[in-house]
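Chemist: my_file27.cif is reproduced in full below (mmCIF, C-alpha atoms and all ligand atoms).
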```cif
data_coords
#
loop_
_atom_site.label_atom_id
_atom_site.label_comp_id
_atom_site.auth_asym_id
_atom_site.auth_seq_id
_atom_site.Cartn_x
_atom_site.Cartn_y
_atom_site.Cartn_z
CA MET T 1 20.55 9.05 14.89
CA GLU T 2 17.54 9.60 12.64
CA SER T 3 14.65 11.41 14.27
CA ILE T 4 11.36 9.66 15.00
CA GLN T 5 9.71 11.89 12.41
CA ALA T 6 12.20 10.90 9.71
CA ILE T 7 11.75 7.21 10.53
CA LYS T 8 7.97 7.53 10.30
CA GLN T 9 8.31 9.11 6.89
CA ARG T 10 10.78 6.51 5.67
CA PHE T 11 8.61 3.58 6.76
CA GLY T 12 5.22 5.10 5.89
CA ILE T 13 4.02 5.25 9.50
CA ILE T 14 1.23 7.75 10.10
CA GLY T 15 0.35 9.12 13.54
CA ASN T 16 1.49 11.41 16.32
CA ASP T 17 0.39 9.39 19.31
CA GLN T 18 2.77 9.50 22.28
CA LYS T 19 2.73 5.72 22.80
CA LEU T 20 3.42 5.12 19.11
CA ASN T 21 6.34 7.56 19.23
CA ARG T 22 7.71 5.83 22.32
CA SER T 23 7.57 2.44 20.55
CA ILE T 24 9.42 3.80 17.52
CA GLU T 25 11.98 5.42 19.79
CA LYS T 26 12.54 2.06 21.51
CA ALA T 27 13.05 0.38 18.13
CA ILE T 28 15.65 3.03 17.22
CA GLN T 29 17.43 2.54 20.57
CA VAL T 30 17.69 -1.25 20.34
CA SER T 31 18.62 -1.39 16.66
CA PRO T 32 22.44 -1.16 17.03
CA THR T 33 22.44 -4.01 19.58
CA ASP T 34 21.70 -7.72 19.07
CA ILE T 35 19.10 -7.82 21.82
CA SER T 36 16.08 -9.95 20.90
CA VAL T 37 12.87 -7.98 20.68
CA LEU T 38 9.26 -9.08 21.04
CA VAL T 39 6.72 -6.80 19.35
CA THR T 40 3.27 -7.09 20.91
CA GLY T 41 -0.12 -5.55 20.18
CA GLU T 42 -3.54 -6.40 18.85
CA SER T 43 -4.08 -7.56 15.30
CA GLY T 44 -3.66 -4.79 12.71
CA VAL T 45 -1.80 -2.23 14.88
CA GLY T 46 1.24 -2.12 12.59
CA LYS T 47 3.67 -4.53 14.26
CA GLU T 48 5.33 -5.45 10.99
CA SER T 49 7.11 -2.10 10.56
CA ILE T 50 9.06 -2.43 13.85
CA PRO T 51 11.38 -5.32 12.78
CA ARG T 52 12.00 -3.55 9.45
CA ILE T 53 13.08 -0.41 11.32
CA ILE T 54 15.34 -2.43 13.62
CA HIS T 55 17.00 -4.24 10.70
CA GLN T 56 17.45 -1.14 8.54
CA LEU T 57 19.02 0.88 11.35
CA SER T 58 21.36 -1.91 12.45
CA HIS T 59 24.82 -2.91 11.24
CA ARG T 60 23.03 -5.92 9.70
CA LYS T 61 21.21 -3.78 7.11
CA HIS T 62 23.38 -5.21 4.29
CA GLY T 63 22.61 -8.75 5.44
CA LYS T 64 19.36 -10.58 4.67
CA TYR T 65 16.02 -9.72 6.28
CA ILE T 66 13.67 -12.70 6.32
CA ALA T 67 10.11 -12.44 7.61
CA VAL T 68 8.57 -15.79 8.53
CA ASN T 69 4.89 -16.15 9.34
CA CYS T 70 5.06 -19.00 11.85
CA GLY T 71 1.29 -19.46 11.79
CA ALA T 72 1.19 -20.05 8.05
CA ILE T 73 3.74 -22.89 7.77
CA PRO T 74 2.41 -26.41 8.35
CA GLU T 75 3.70 -28.07 11.51
CA GLY T 76 5.29 -30.90 9.51
CA THR T 77 7.57 -28.64 7.48
CA ILE T 78 8.39 -25.75 9.79
CA ASP T 79 11.62 -27.26 11.20
CA SER T 80 12.88 -27.92 7.71
CA GLU T 81 11.90 -24.37 6.59
CA LEU T 82 13.68 -22.73 9.50
CA PHE T 83 16.71 -24.97 9.94
CA GLY T 84 17.00 -26.84 6.60
CA HIS T 85 17.23 -30.58 5.99
CA GLU T 86 19.61 -33.23 4.73
CA LYS T 87 18.99 -35.26 1.58
CA GLY T 88 16.79 -38.24 2.48
CA ALA T 89 15.72 -36.78 5.85
CA PHE T 90 12.09 -37.52 4.96
CA THR T 91 10.08 -38.67 1.96
CA GLY T 92 10.45 -36.03 -0.73
CA ALA T 93 13.74 -34.62 0.61
CA THR T 94 15.58 -35.29 -2.64
CA SER T 95 18.42 -32.88 -1.92
CA THR T 96 20.00 -31.01 0.97
CA ARG T 97 18.31 -27.66 1.65
CA SER T 98 19.42 -24.63 3.67
CA GLY T 99 16.91 -23.19 6.15
CA TYR T 100 16.22 -19.51 6.92
CA PHE T 101 18.61 -19.50 9.88
CA GLU T 102 21.48 -20.51 7.60
CA VAL T 103 20.51 -18.14 4.77
CA ALA T 104 20.02 -15.14 7.09
CA ASP T 105 23.46 -15.48 8.69
CA GLU T 106 24.64 -11.91 9.56
CA GLY T 107 21.09 -10.66 8.97
CA THR T 108 17.74 -10.50 10.78
CA ILE T 109 14.87 -12.97 11.04
CA PHE T 110 11.40 -11.71 11.87
CA LEU T 111 9.31 -14.46 13.44
CA ASP T 112 5.75 -13.22 13.02
CA GLU T 113 2.97 -14.92 15.05
CA VAL T 114 5.65 -16.61 17.12
CA GLY T 115 3.00 -17.92 19.55
CA GLU T 116 2.01 -20.41 16.83
CA LEU T 117 5.36 -22.26 16.82
CA PRO T 118 5.06 -25.98 17.65
CA LEU T 119 6.73 -27.01 20.92
CA THR T 120 9.43 -29.08 19.18
CA THR T 121 10.44 -26.07 17.06
CA GLN T 122 10.50 -23.93 20.20
CA VAL T 123 13.23 -26.19 21.60
CA ARG T 124 15.36 -25.71 18.46
CA LEU T 125 14.77 -21.96 18.54
CA LEU T 126 15.82 -21.74 22.17
CA ARG T 127 19.13 -23.33 21.27
CA VAL T 128 19.79 -20.80 18.48
CA LEU T 129 18.99 -17.96 20.85
CA GLU T 130 21.30 -19.34 23.56
CA ASN T 131 24.42 -20.10 21.53
CA GLY T 132 23.68 -19.59 17.83
CA GLU T 133 23.65 -23.36 17.24
CA PHE T 134 21.23 -25.40 15.15
CA ILE T 135 21.06 -28.80 13.46
CA LYS T 136 19.45 -29.48 10.08
CA VAL T 137 16.57 -31.99 10.07
CA GLY T 138 18.05 -35.45 9.49
CA SER T 139 21.60 -34.36 10.32
CA SER T 140 23.79 -34.74 13.38
CA LYS T 141 26.18 -31.94 12.50
CA VAL T 142 25.89 -28.81 14.66
CA GLN T 143 26.01 -25.57 12.62
CA LYS T 144 26.51 -21.99 13.77
CA THR T 145 24.65 -18.87 12.71
CA ASN T 146 24.72 -15.24 13.67
CA VAL T 147 21.15 -14.02 13.35
CA ARG T 148 19.27 -11.26 15.09
CA ILE T 149 15.74 -12.35 16.04
CA VAL T 150 12.74 -10.06 16.26
CA ALA T 151 9.46 -11.79 17.04
CA ALA T 152 5.87 -10.57 17.09
CA THR T 153 2.61 -11.82 18.54
CA ASN T 154 -0.97 -10.67 18.91
CA VAL T 155 -1.86 -13.36 21.44
CA ASN T 156 -1.50 -13.17 25.18
CA MET T 157 1.75 -15.04 25.75
CA PHE T 158 1.10 -15.56 29.47
CA GLU T 159 -2.11 -17.39 28.60
CA ALA T 160 -0.20 -19.52 26.10
CA ILE T 161 2.44 -20.31 28.74
CA LYS T 162 -0.27 -21.21 31.25
CA LYS T 163 -1.86 -23.56 28.73
CA GLU T 164 1.60 -25.07 28.10
CA LYS T 165 1.50 -24.07 24.45
CA PHE T 166 4.53 -21.84 24.77
CA ARG T 167 7.75 -22.42 26.71
CA GLU T 168 8.31 -19.90 29.47
CA ASP T 169 12.12 -19.96 29.07
CA LEU T 170 11.77 -19.17 25.35
CA TYR T 171 9.36 -16.32 26.09
CA TYR T 172 11.91 -14.63 28.38
CA ARG T 173 14.68 -15.18 25.82
CA LEU T 174 12.61 -13.63 23.04
CA SER T 175 11.33 -10.69 25.00
CA THR T 176 14.51 -9.16 26.41
CA VAL T 177 12.94 -5.94 25.21
CA GLU T 178 9.22 -5.74 24.55
CA ILE T 179 7.83 -3.14 22.19
CA ASN T 180 4.09 -2.73 22.54
CA LEU T 181 1.98 -0.95 19.94
CA PRO T 182 -1.21 0.73 21.20
CA PRO T 183 -4.64 -0.22 19.83
CA LEU T 184 -6.24 2.34 17.50
CA ARG T 185 -9.05 3.08 19.99
CA ASP T 186 -6.38 4.51 22.31
CA ARG T 187 -4.99 6.74 19.54
CA LYS T 188 -8.06 8.90 19.03
CA GLU T 189 -6.17 11.86 17.57
CA ASP T 190 -4.69 9.63 14.83
CA ILE T 191 -7.94 8.12 13.60
CA HIS T 192 -9.06 10.96 11.31
CA LEU T 193 -5.49 11.58 10.19
CA LEU T 194 -5.11 7.94 9.12
CA PHE T 195 -8.50 7.95 7.40
CA ARG T 196 -7.58 11.06 5.39
CA LYS T 197 -4.27 9.50 4.35
CA PHE T 198 -5.90 6.23 3.25
CA ALA T 199 -8.76 8.06 1.49
CA SER T 200 -6.29 10.14 -0.49
CA ASP T 201 -4.22 7.02 -1.39
CA PHE T 202 -7.31 5.16 -2.61
CA ALA T 203 -8.57 8.19 -4.55
CA LEU T 204 -5.27 8.11 -6.44
CA LYS T 205 -5.37 4.36 -6.90
CA TYR T 206 -8.93 4.24 -8.23
CA LYS T 207 -8.75 7.60 -10.01
CA MET T 208 -11.73 9.05 -8.14
CA PRO T 209 -12.20 12.24 -6.08
CA THR T 210 -11.16 11.89 -2.43
CA VAL T 211 -13.97 11.15 0.03
CA LYS T 212 -14.47 13.58 2.92
CA LEU T 213 -16.11 12.92 6.27
CA THR T 214 -18.71 15.15 7.88
CA ASP T 215 -18.12 16.09 11.56
CA GLU T 216 -20.78 13.61 12.55
CA ALA T 217 -18.99 10.79 10.68
CA VAL T 218 -15.67 11.71 12.33
CA VAL T 219 -17.30 11.47 15.78
CA LEU T 220 -18.52 7.96 14.93
CA LEU T 221 -15.04 6.88 13.86
CA LEU T 222 -13.60 8.23 17.12
CA LYS T 223 -16.18 6.37 19.21
CA TYR T 224 -15.81 3.07 17.36
CA ARG T 225 -13.91 0.16 18.96
CA TRP T 226 -11.73 -0.77 15.96
CA ASN T 227 -11.10 -4.38 16.92
CA GLY T 228 -9.21 -4.82 13.64
CA ASN T 229 -7.28 -1.59 14.31
CA ILE T 230 -5.47 0.17 11.44
CA ARG T 231 -6.04 -2.72 9.02
CA GLN T 232 -9.80 -2.35 9.59
CA LEU T 233 -9.70 1.45 9.24
CA ARG T 234 -7.80 1.06 5.96
CA ASN T 235 -10.40 -1.42 4.71
CA VAL T 236 -13.26 0.92 5.65
CA ALA T 237 -11.52 3.81 3.86
CA GLU T 238 -11.09 1.62 0.77
CA GLN T 239 -14.70 0.41 0.72
CA VAL T 240 -16.10 3.91 1.21
CA SER T 241 -13.76 5.32 -1.46
CA VAL T 242 -14.85 2.73 -4.02
CA LEU T 243 -18.53 2.39 -3.27
CA GLU T 244 -19.91 5.79 -2.30
CA GLN T 245 -20.99 8.04 -5.18
CA ASN T 246 -21.56 11.00 -2.91
CA ARG T 247 -18.01 11.89 -1.90
CA THR T 248 -19.13 13.64 1.32
CA ILE T 249 -19.61 10.85 3.81
CA SER T 250 -22.29 11.42 6.44
CA GLY T 251 -22.65 9.73 9.83
CA ASN T 252 -25.48 7.59 8.47
CA THR T 253 -23.38 6.36 5.59
CA ILE T 254 -20.28 5.55 7.60
CA GLN T 255 -22.36 3.52 10.06
CA ASN T 256 -22.99 0.96 7.33
CA TYR T 257 -19.29 0.22 7.23
CA LEU T 258 -18.81 -0.20 11.00
CA PRO T 259 -19.93 -3.63 12.25
CA ASN T 260 -21.32 -3.79 15.80
CA ILE T 261 -21.45 -0.02 16.09
CA GLY T 262 -23.15 1.06 19.28
CA SER T 263 -21.92 -2.01 21.11
CA ASN T 264 -19.02 -1.60 23.44
CA LEU T 265 -18.79 -5.32 23.87
CA PRO T 266 -15.74 -6.75 22.23
CA ALA T 267 -16.77 -7.99 18.80
CA VAL T 268 -15.65 -11.37 17.55
CA VAL T 269 -12.37 -10.72 15.82
CA ASN T 270 -11.66 -12.81 12.81
CA ASN T 271 -7.93 -13.27 12.74
CA SER T 272 -7.89 -14.71 9.28
CA LYS T 273 -6.52 -11.92 7.13
CA SER T 274 -7.79 -13.28 3.88
CA GLU T 275 -11.34 -12.83 5.14
CA SER T 276 -10.99 -9.39 6.64
CA ASP T 277 -8.65 -7.87 4.10
CA PHE T 278 -10.53 -5.87 1.47
CA SER T 279 -7.51 -5.65 -0.71
CA SER T 280 -8.24 -7.30 -4.01
CA GLU T 281 -10.23 -5.62 -6.73
CA ARG T 282 -12.23 -8.81 -7.21
CA GLU T 283 -13.62 -8.52 -3.67
CA ILE T 284 -14.56 -4.91 -4.36
CA LEU T 285 -16.44 -5.99 -7.46
CA TYR T 286 -18.24 -8.67 -5.47
CA LYS T 287 -19.30 -6.00 -2.99
CA VAL T 288 -20.51 -3.76 -5.83
CA LEU T 289 -22.51 -6.65 -7.26
CA PHE T 290 -24.06 -7.52 -3.93
CA ASP T 291 -25.08 -3.89 -3.51
CA MET T 292 -26.58 -3.94 -6.99
CA LYS T 293 -28.47 -7.08 -6.07
CA SER T 294 -29.83 -5.41 -2.96
CA ASP T 295 -30.92 -2.42 -5.07
CA LEU T 296 -32.64 -4.85 -7.41
CA ASN T 297 -34.54 -6.46 -4.54
CA ASP T 298 -35.62 -3.02 -3.30
CA LEU T 299 -36.80 -2.19 -6.80
CA LYS T 300 -38.77 -5.46 -6.91
CA LYS T 301 -40.51 -4.48 -3.66
CA LEU T 302 -41.30 -1.05 -5.01
CA THR T 303 -42.61 -2.44 -8.29
CA MET T 304 -44.81 -4.89 -6.40
CA GLU T 305 -46.23 -1.99 -4.36
CA LEU T 306 -46.94 -0.07 -7.54
CA MET T 307 -48.63 -3.09 -9.09
CA LYS T 308 -50.80 -3.56 -6.02
CA LYS T 309 -51.71 0.05 -5.43
CA GLY T 310 -51.24 1.69 -8.80
CA SER T 311 -49.46 5.02 -9.07
CA ASP T 312 -51.10 6.21 -5.89
CA SER T 313 -49.08 9.10 -4.43
CA ASP T 314 -49.14 7.24 -1.06
CA VAL T 315 -46.82 4.66 -2.60
CA GLN T 316 -44.18 7.37 -2.85
CA LYS T 317 -44.77 8.49 0.72
CA ASP T 318 -44.87 4.96 2.20
CA ASN T 319 -41.70 3.94 0.42
CA GLU T 320 -39.71 7.12 0.95
CA HIS T 321 -36.85 5.21 2.62
CA LEU T 322 -36.63 2.70 -0.23
CA ILE T 323 -36.73 5.45 -2.84
CA GLN T 324 -34.02 7.34 -1.02
CA LYS T 325 -31.93 4.15 -0.72
CA ILE T 326 -32.22 3.20 -4.37
CA TYR T 327 -32.08 6.59 -6.03
CA GLY T 328 -30.23 8.62 -3.42
CA GLU T 329 -29.22 11.88 -5.02
CA GLU T 330 -30.36 10.76 -8.40
CA LYS T 331 -33.93 10.65 -7.15
CA ASP T 332 -34.79 13.92 -8.82
CA GLU T 333 -33.68 13.02 -12.32
CA GLU T 334 -34.06 9.30 -12.60
CA PHE T 335 -36.83 8.52 -10.18
CA GLU T 336 -39.11 11.28 -11.36
CA ALA T 337 -38.59 10.07 -14.90
CA ALA T 338 -39.27 6.48 -13.85
CA VAL T 339 -42.49 7.49 -12.08
CA GLU T 340 -43.55 9.53 -15.10
CA ASP T 341 -42.98 6.50 -17.32
CA LEU T 342 -45.02 4.34 -15.00
CA GLU T 343 -47.85 6.81 -14.97
CA VAL T 344 -48.01 6.65 -18.74
CA LEU T 345 -48.64 2.92 -18.53
CA SER T 346 -52.25 2.22 -17.76
CA ILE T 347 -52.21 0.25 -14.56
CA PRO T 348 -55.29 -1.95 -14.20
CA GLU T 349 -57.63 -1.69 -11.27
CA HIS T 350 -56.76 -3.93 -8.35
CA THR T 351 -58.83 -7.15 -8.58
CA GLU T 352 -58.85 -10.51 -6.78
CA ASP T 353 -57.49 -12.14 -9.94
CA MET T 354 -54.59 -9.84 -9.62
CA ASP T 355 -53.79 -11.09 -6.12
CA GLU T 356 -53.43 -14.57 -7.60
CA THR T 357 -51.18 -13.28 -10.34
CA ILE T 358 -49.10 -11.46 -7.77
CA SER T 359 -48.69 -14.53 -5.61
CA GLU T 360 -47.71 -16.51 -8.72
CA LEU T 361 -45.23 -13.80 -9.55
CA GLU T 362 -43.86 -13.92 -6.01
CA ASP T 363 -43.33 -17.67 -6.38
CA LYS T 364 -41.44 -17.01 -9.59
CA TYR T 365 -39.38 -14.37 -7.87
CA HIS T 366 -38.55 -16.83 -5.16
CA PHE T 367 -37.14 -19.20 -7.73
CA ALA T 368 -35.40 -16.36 -9.54
CA GLU T 369 -33.68 -15.35 -6.33
CA GLU T 370 -32.27 -18.83 -5.86
CA ILE T 371 -30.67 -18.99 -9.27
CA GLU T 372 -29.55 -15.38 -9.08
CA GLU T 373 -26.85 -16.35 -6.55
CA GLU T 374 -25.13 -18.62 -9.03
CA GLU T 375 -25.44 -16.22 -11.89
CA THR T 376 -23.94 -13.22 -10.11
CA LEU T 377 -20.55 -13.51 -11.75
CA SER T 378 -21.70 -14.12 -15.29
CA LEU T 379 -24.21 -11.33 -14.80
CA HIS T 380 -21.33 -9.00 -14.07
CA ASP T 381 -19.44 -10.22 -17.15
CA LYS T 382 -22.49 -9.72 -19.32
CA GLU T 383 -23.06 -6.21 -18.07
CA LEU T 384 -19.43 -5.35 -18.71
CA GLU T 385 -19.62 -6.84 -22.19
CA LEU T 386 -22.83 -4.93 -23.00
CA ILE T 387 -21.37 -1.60 -21.90
CA LYS T 388 -18.12 -2.21 -23.81
CA LYS T 389 -19.94 -3.16 -27.02
CA SER T 390 -22.32 -0.23 -26.84
CA LEU T 391 -19.45 2.20 -26.31
CA GLU T 392 -17.59 0.67 -29.26
CA ARG T 393 -20.67 0.89 -31.48
CA HIS T 394 -21.03 4.58 -30.68
CA SER T 395 -17.30 5.34 -30.89
CA GLY T 396 -17.13 6.10 -27.18
CA LYS T 397 -20.05 8.58 -27.26
CA ARG T 398 -21.58 8.12 -23.82
CA LYS T 399 -24.86 9.87 -24.55
CA LEU T 400 -25.71 7.48 -27.39
CA ALA T 401 -24.46 4.41 -25.48
CA ALA T 402 -26.50 5.39 -22.40
CA ALA T 403 -29.62 5.81 -24.55
CA GLU T 404 -29.06 2.41 -26.12
CA LEU T 405 -28.52 0.74 -22.74
CA GLY T 406 -31.55 2.46 -21.27
CA ILE T 407 -29.63 4.07 -18.40
CA SER T 408 -28.82 7.68 -17.59
CA GLU T 409 -25.53 9.16 -18.74
CA ARG T 410 -24.58 9.61 -15.13
CA THR T 411 -25.15 5.91 -14.31
CA LEU T 412 -23.09 4.96 -17.35
CA TYR T 413 -20.29 7.26 -16.25
CA ARG T 414 -20.37 5.61 -12.82
CA LYS T 415 -20.15 2.15 -14.34
CA ILE T 416 -17.25 3.15 -16.59
CA LYS T 417 -15.41 4.27 -13.46
CA GLN T 418 -16.51 1.23 -11.48
CA PHE T 419 -15.35 -1.28 -14.08
CA ASP T 420 -12.33 0.83 -15.04
CA LEU T 421 -13.31 0.84 -18.73
N1 LIG J 501 0.86 3.90 11.60
C1 LIG J 501 0.49 3.40 10.41
N2 LIG J 501 0.40 4.20 9.35
C2 LIG J 501 -0.02 3.73 8.16
N3 LIG J 501 -0.37 2.47 7.93
C3 LIG J 501 -0.31 1.62 8.96
C4 LIG J 501 0.14 2.02 10.25
N4 LIG J 501 0.11 0.98 11.07
C5 LIG J 501 -0.35 -0.06 10.34
N5 LIG J 501 -0.59 0.32 9.06
C6 LIG J 501 -1.13 -0.52 8.01
O1 LIG J 501 -2.10 -1.37 8.61
C7 LIG J 501 -2.02 -2.69 8.09
C8 LIG J 501 -1.80 -3.68 9.21
O2 LIG J 501 -0.50 -3.53 9.76
P1 LIG J 501 0.39 -4.80 10.14
O3 LIG J 501 0.31 -5.84 9.06
O4 LIG J 501 1.73 -4.34 10.51
O5 LIG J 501 -0.43 -5.32 11.40
P2 LIG J 501 0.00 -6.36 12.52
O6 LIG J 501 0.13 -5.62 13.79
O7 LIG J 501 1.19 -7.14 12.03
O8 LIG J 501 -1.29 -7.28 12.58
P3 LIG J 501 -1.40 -8.90 12.77
O9 LIG J 501 -1.13 -9.17 14.21
O10 LIG J 501 -2.81 -9.19 12.39
O11 LIG J 501 -0.39 -9.52 11.84
C9 LIG J 501 -0.90 -2.67 7.07
O12 LIG J 501 -1.49 -2.47 5.79
C10 LIG J 501 -0.08 -1.48 7.45
O13 LIG J 501 0.59 -0.92 6.34
MG MG J 502 1.38 -9.10 11.22
#
```
Would you mind giving the structure from this file in structure tokens?
Ligand SMILES: Nc1ncnc2c1ncn2[C@@H]1O[C@H](COP(=O)(O)OP(=O)(O)OP(=O)(O)O)[C@@H](O)[C@H]1O
Ligand SMILES: [Mg+2]

Modeler:
Amino acid sequence: MESIQAIKQRFGIIGNDQKLNRSIEKAIQVSPTDISVLVTGESGVGKESIPRIIHQLSHRKHGKYIAVNCGAIPEGTIDSELFGHEKGAFTGATSTRSGYFEVADEGTIFLDEVGELPLTTQVRLLRVLENGEFIKVGSSKVQKTNVRIVAATNVNMFEAIKKEKFREDLYYRLSTVEINLPPLRDRKEDIHLLFRKFASDFALKYKMPTVKLTDEAVVLLLKYRWNGNIRQLRNVAEQVSVLEQNRTISGNTIQNYLPNIGSNLPAVVNNSKSESDFSSEREILYKVLFDMKSDLNDLKKLTMELMKKGSDSDVQKDNEHLIQKIYGEEKDEEFEAAVEDLEVLSIPEHTEDMDETISELEDKYHFAEEIEEEETLSLHDKELELIKKSLERHSGKRKLAAAELGISERTLYRKIKQFDL
């Protein structure tokens, strides 16, 4: 029998937590049998690797493995998806179709989010579990199948039974053995380990140096509730890896990526993966653009201050936090240069006329902000286009391109990385 360590390596499972090890050990133990298994645990704890382990270690490993997300299939078609249908069974059924239970004969079916199954489908499933029998939609012929079922859920099944959304008899049939995966907040010693692994994966993926956490940042990760568990930690690692220029991540920085930090109340968990998953590059670019927009707004505020008060050194002092936010590390080079430039301009004395001009300007800004929302995407395209063209014109020489674009070489380098040019 393969060791727990070897299984973890084979299936890319990170962590040394005792409860996690016990769950993997249980999966190994039940794999040679046909016992039905129910994998439970909060959203994002890694339930999907358990049925894969069970299938791969069983005598069914040469048979099919089909994972079905019961929550994602519309109620009207789920019976036909699972059990197949006869030609003419319903409008649009132009030919006979085999369902997953027929196709996966001698294999394994993973029923993810099983709590979402409609009650009528639950009746059909119960029959398969009891004697391997099923009937295609629109048919009267009983068929046989030999399928191993592993199900998973992140909802409280007892609640669902109480609300009569899930059949109690089916629950007991499905959960002959229950494998529970612990939430991340109970696996403190794995949190930093997982973060380091994800950070190193994303550094490779985006061709950037790996981010490192300060001790203070690690403490914050350990204290955090992680309602989205490992999926959320992975998303945080990805966002930090892509967005932070300073590759040493302080406590202050990491806080920006942890919603509801400081609150031990359970946060509202959004179960929709498409919203919480930070997986596509497009979303990352959106985030980058939104951050750029926020920098732009901060710059507007700062410019307004300078227009009102001139190059008064108090402006620098009063807006220290803004300056730090916008220029960060680059403050020395870029900000000093920017201030120098401003000082060269002769800024007129503050007059009442000017107040009017400023309020007019503010009105204009207000309008500008409204249209800015719609233009975000084309703005991004234009910026990309400008950078590309300038680099082409100067045969890839960054110094010349940066001068032409009016940005520092360092900013240009960052953008080349950011847009993967
Ligand atoms: N121990 C682990 N090591 C490395 N990655 C992990 C681990 N556990 C989970 N992951 C990763 O976390 C993400 C979420 O895992 P998974 O999809 O299995 O969650 P789940 O428990 O099925 O959640 P849900 O109930 O929302 O479907 C996946 O990208 C998975 O690869
Ligand atoms: Mg899942």

Chemist: Can you list, as a PyMOL selection string, every protein, DNA or RNA residue that comes within 12 Å of region 129-137 of chain T when you count only C-alpha atoms, leaving out same-chain residues fewer than 5 positions away?

Modeler: chain T and resi 34-37+76-90+93+96-102+105-106+109+120-124+142-151+169-176

Chemist: Between T:Cys70, T:Val39, T:Ile387, T:Ile261, single out the one closest to Tyr224 (chain T), counting all atoms listed in the file.

Modeler: T:Ile261

Chemist: Could you check how far CA of Leu233 (chain T) sits from CA of Ile191 (chain T), in Å to one decimal?

Modeler: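 Going from CA of Leu233 (chain T) over to CA of Ile191 (chain T) covers 8.2 Å.
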
Chemist: Could you tell me which of T:Ile50, T:Ala403, T:Leu386, T:Ile230 comes closest to ligand LIG 501 (chain J) if we count only C-alpha atoms and all ligand atoms?

Modeler: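 Nearest to ligand LIG 501 (chain J): T:Ile230.
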
Chemist: Using all atoms listed in the file, determine which residues fall within 12 Å of ligand MG 502 (chain J), then list them as a PyMOL selection string.

Modeler: chain T and resi 39-51+67-72+110-114+151-155+181+228-231+271-273

Chemist: Would you mind listing what lies within 12 Å of Lys397 (chain T) as a list of chain:residue names, with all atoms listed in the file counted and same-chain residues fewer than 5 positions away left out?

Modeler: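 Those residues are T:Ile387, T:Lys388, T:Lys389, T:Ser390, T:Leu391, T:Glu392, T:Ala402, T:Ala403, T:Glu404, T:Glu409, T:Leu412, T:Tyr413.
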
Chemist: When distances are computed from only C-alpha atoms and all ligand atoms, which of T:Leu126, T:Leu117, T:Ile66, T:Leu184 shows the smallest separation from ligand LIG 501 (chain J)?

Modeler: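 Ranked by minimum distance to ligand LIG 501 (chain J), first place goes to T:Leu184.
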
Chemist: Compare T:Leu299, T:Ala203, T:Ile13, T:Ala237 by their minimum atom-to-atom distance to ligand LIG 501 (chain J), counting all atoms listed in the file, and give me the closest one.

Modeler: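 Closest candidate: T:Ile13.
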